[in-house]
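Undergrad: Have a look at this one before I ask anything.
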Amino acid sequence: MLYPVLWMVVSSLRPNNQIFRSAGLALTHPHFENYSNGWNAFSQPFSHYMINSAIVVTGAILGNLLACSLAAYAFARLEFRAKRVWFAVMLVTIMLPIHVIIVPQYVLFSELGWVNTFLPLIVPKFLATDAFFIFLMVQFIRGIPREIDEAARIDGAGHARIFFSLILPLMVPALATTAIFTFIWTWNDFYTQLIYLTDPDMYTTPLALRTFVDQQTATDWGSVFAMSVVSLVPVFLIFLTGQRFLLRGIATTGGK
Amino acid sequence: MNELRRLRGSQKGARQQNKAAFFFLLPWFVGLFGITLGPMLASLYLSFTKYNLLQPPQFSGLDNWTRMVDDERLHKSLEVTFSYVLVSVPLQLAMALGLALLLDRGVRGLAFYRSVFYLPSLIGGSVAIAVLWRAMFGTNGLVNEALALVGIQGQGWISEPGTALSTLVVLNVWTFGSPMVIFLAGLRQIPTSLYEAASVDGAKRWRQFRSITIPLLTPIIFFNLVLQIIHAFQTFTQAFVVSGGTGGPADSTLFFSLYLYQRGFGHFDMGYASALAWVLLLIVAAFTAVNFWASKYWVFYDD
């Protein structure tokens with residue numbers, strides 16, 4: 001399963017004329033030049049694009065954690081008018097293809113002067129547009145015993161208080177799952193970044209990588225692979241540290 | 001408890017909750033109306049206009065919609081997308097179910113295998129993996145080198161219209177990890193007592209699989225099916241990177257979403273792109289609705 005990825009890692013350390021000669025994974029003399037060549041082959045060092053990605057990812061995570069948990073609390077714990085209808089609307093938006101809103105959204109953000117900034121990639125997250133995470137958190141909050149917040153209510157705590165000092169600390173596993181998924185999906189996201197970021201200085205990692213590949217026309221695969229590997233490193237690290245949460249998170253959403 | 005009953009039951013309590021809920025839901029409401037439902041309606045309106053972003057939209061009636069009838073690239077993109085969905089989703093789910101069953105049989109080091117199989121799902125949609133695929137299935141790529149070892153003359157898998165799409169099917173099947181994890185969770189929920197009872201009655205493994213595992217797993221199969229179909233209809237990154245944004249060779253990887261992108265953000269043909277977006281929405285909605293309708297006949301709920 002991981003063979004293609006391992007082959008890419010090994011190939012990123014091979015001289016160009018050897019990459020396609022061998023399907024094996026043996027590596028005798030690691031060739032680190034691919035990394036330095038690739039790193040400096042762009043108009044900015046590759047770290048520039050990684051930092052851009054990091055900014056977008058950080059904003060997206062903060063937005064999703066805050067906005068989705070607020071909405072989830074309301075759906076899981078409060079009674080309000082037409083609650084079932086709104087809940088159904090929320091579920092339907094999970095399945096909505098982004099293509100059906102992207103054109104007017106682009107017009108809106110370009111009217112606001114947000115094209116070629118990170119705002120179109122971050123602000124929607126603060127408005128809980130990733131409804132999948134609301135759903136995930138609702139399911140989680142429903143598993144927290146109601147007696148806990150009822151006791152706090154008797155002691156006179158309001159909903160804001162209950163949410164911030166009781167529910168939020170208890171839902172750390174769901175928050176962690178959300179943060180990890182947001183990290184990986186935003187880091188890998190290509191479509192919206194391609195649409196909103198056209199100035200090369202604003203490029204994120206996937207955009208830079210893709211431009212690099214199209215310029216290379218298969219001459220310098222070693223450097224291309226090296227930068228591909230670099231672009232995947234943050235995802236691997238997050239996966240390794242968070243896989244307990246990740247696998248549990250996805251499994252519990254799937255079970256009814 | 002009296003205090004509580006008063007808070008919950010009384011009109012005052014209800015009004016308070018209404019107010020509190022409004023505040024908790026405020027960001028979501030703004031997002032729902034401002035950047036989801038609002039733009040949806042706007043795109044429906046734009047689908048009846050000619051709009052290039054520079055001049056204001058001009059109402060053009062059904063022009064965009066009738067234009068679709070003769071748009072051969074659109075027809076090609078529909079063909080590409082449908083064949084991709086219909087081939088890659090069943091293969092991916094079969095793979096996911098097969099390995100979930102294997103792992104559930106108490107393989108040693110389950111956590112390790114689960115992670116190894118799951119990882120491709122996380123990176124499969126990335127540009128880096130699309131780049132890798134482009135290199136692996138290219139004319140001088142890894143796949144042909146491997147075939148040469150066993151004496152088979154390969155071909156340019158990505159440069160041949162007949163095989164380019166298949167390489168993307170392979171990529172999608174490779175990302176079977178996330179449905180697999182969901183299958184594994186589903187298998188865990190089947191009570192072992194059922195299997196014990198069945199083997200007392202003399203049912204062999206295959207019989208148990210057919211009469212216990214599959215029926216009890218149908219809700220999970222259904223869930224994965226709906227999700228993966230919706231997902232596959234929106235495939236973009238892989239096709240974009242592998243074909244360098246063209247959908248080639250000979251439009252053989254011209255996915256619907258790629259064509260929509262080309263019309264809208266390549267040619268600033270925003271009216272037509274909006275109409276296409278609604279076609280995609282209707283197709284996805286129809287598939288989901290048919291799925292739900294058909295589920296009555298094969299999905300088994302125990303409650």
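Just so we're on the same page: first chain in the structure tokens is A, next is B, and so on; residues restart at 1 for each chain, and ligands are numbered from 1 in the order they show up.
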Using only C-alpha atoms, find which residues of chain A lie within 6 Å of chain B and jot them down as a PyMOL selection string.
TA: chain A and resi 20+70-71+74+80+99-101+104-105+127-129+188+206+228+251+254
Undergrad: At a cut-off of 7 Å, using only C-alpha atoms, what residues contact Ala72 (chain A)? Leave out same-chain residues fewer than 3 positions from it and give the result as a ChimeraX atom specification.
TA: /A:68-69,75-76,134,137-138
Undergrad: Could you give me the residues within region 18-246 of chain A that DSSP places in alpha helix (DSSP H), as a VMD selection string?
TA: chain A and resid 33 to 39 46 to 63 69 to 77 83 to 95 99 to 111 119 to 126 131 to 142 146 to 154 159 to 162 168 to 170 172 to 188 191 to 196 205 to 216 221 to 246
Undergrad: Could you pull the residues within 10 Å of Arg161 (chain A), counting only C-alpha atoms, minus those fewer than 6 positions along the same chain, as a PyMOL selection string?
TA: chain A and resi 149+152-153+167
Undergrad: Write out as JSON, numbers by chain the residues lying within 12 Å of Leu121 (chain A), counting only C-alpha atoms and excluding same-chain residues fewer than 5 positions away.
TA: {"A": [52, 53, 55, 56, 57, 58, 59, 60, 61, 63, 64, 105, 106, 109, 114, 115, 116, 126, 127, 129, 130, 182, 186, 187, 189, 190, 191, 192, 193, 194, 195, 196, 197, 204]}
Undergrad: What gap, in Å, lies between CA of Ser47 (chain A) and CA of Arg14 (chain A)?
TA: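 Computed distance, CA of Ser47 (chain A) to CA of Arg14 (chain A), equals 22.3 Å.
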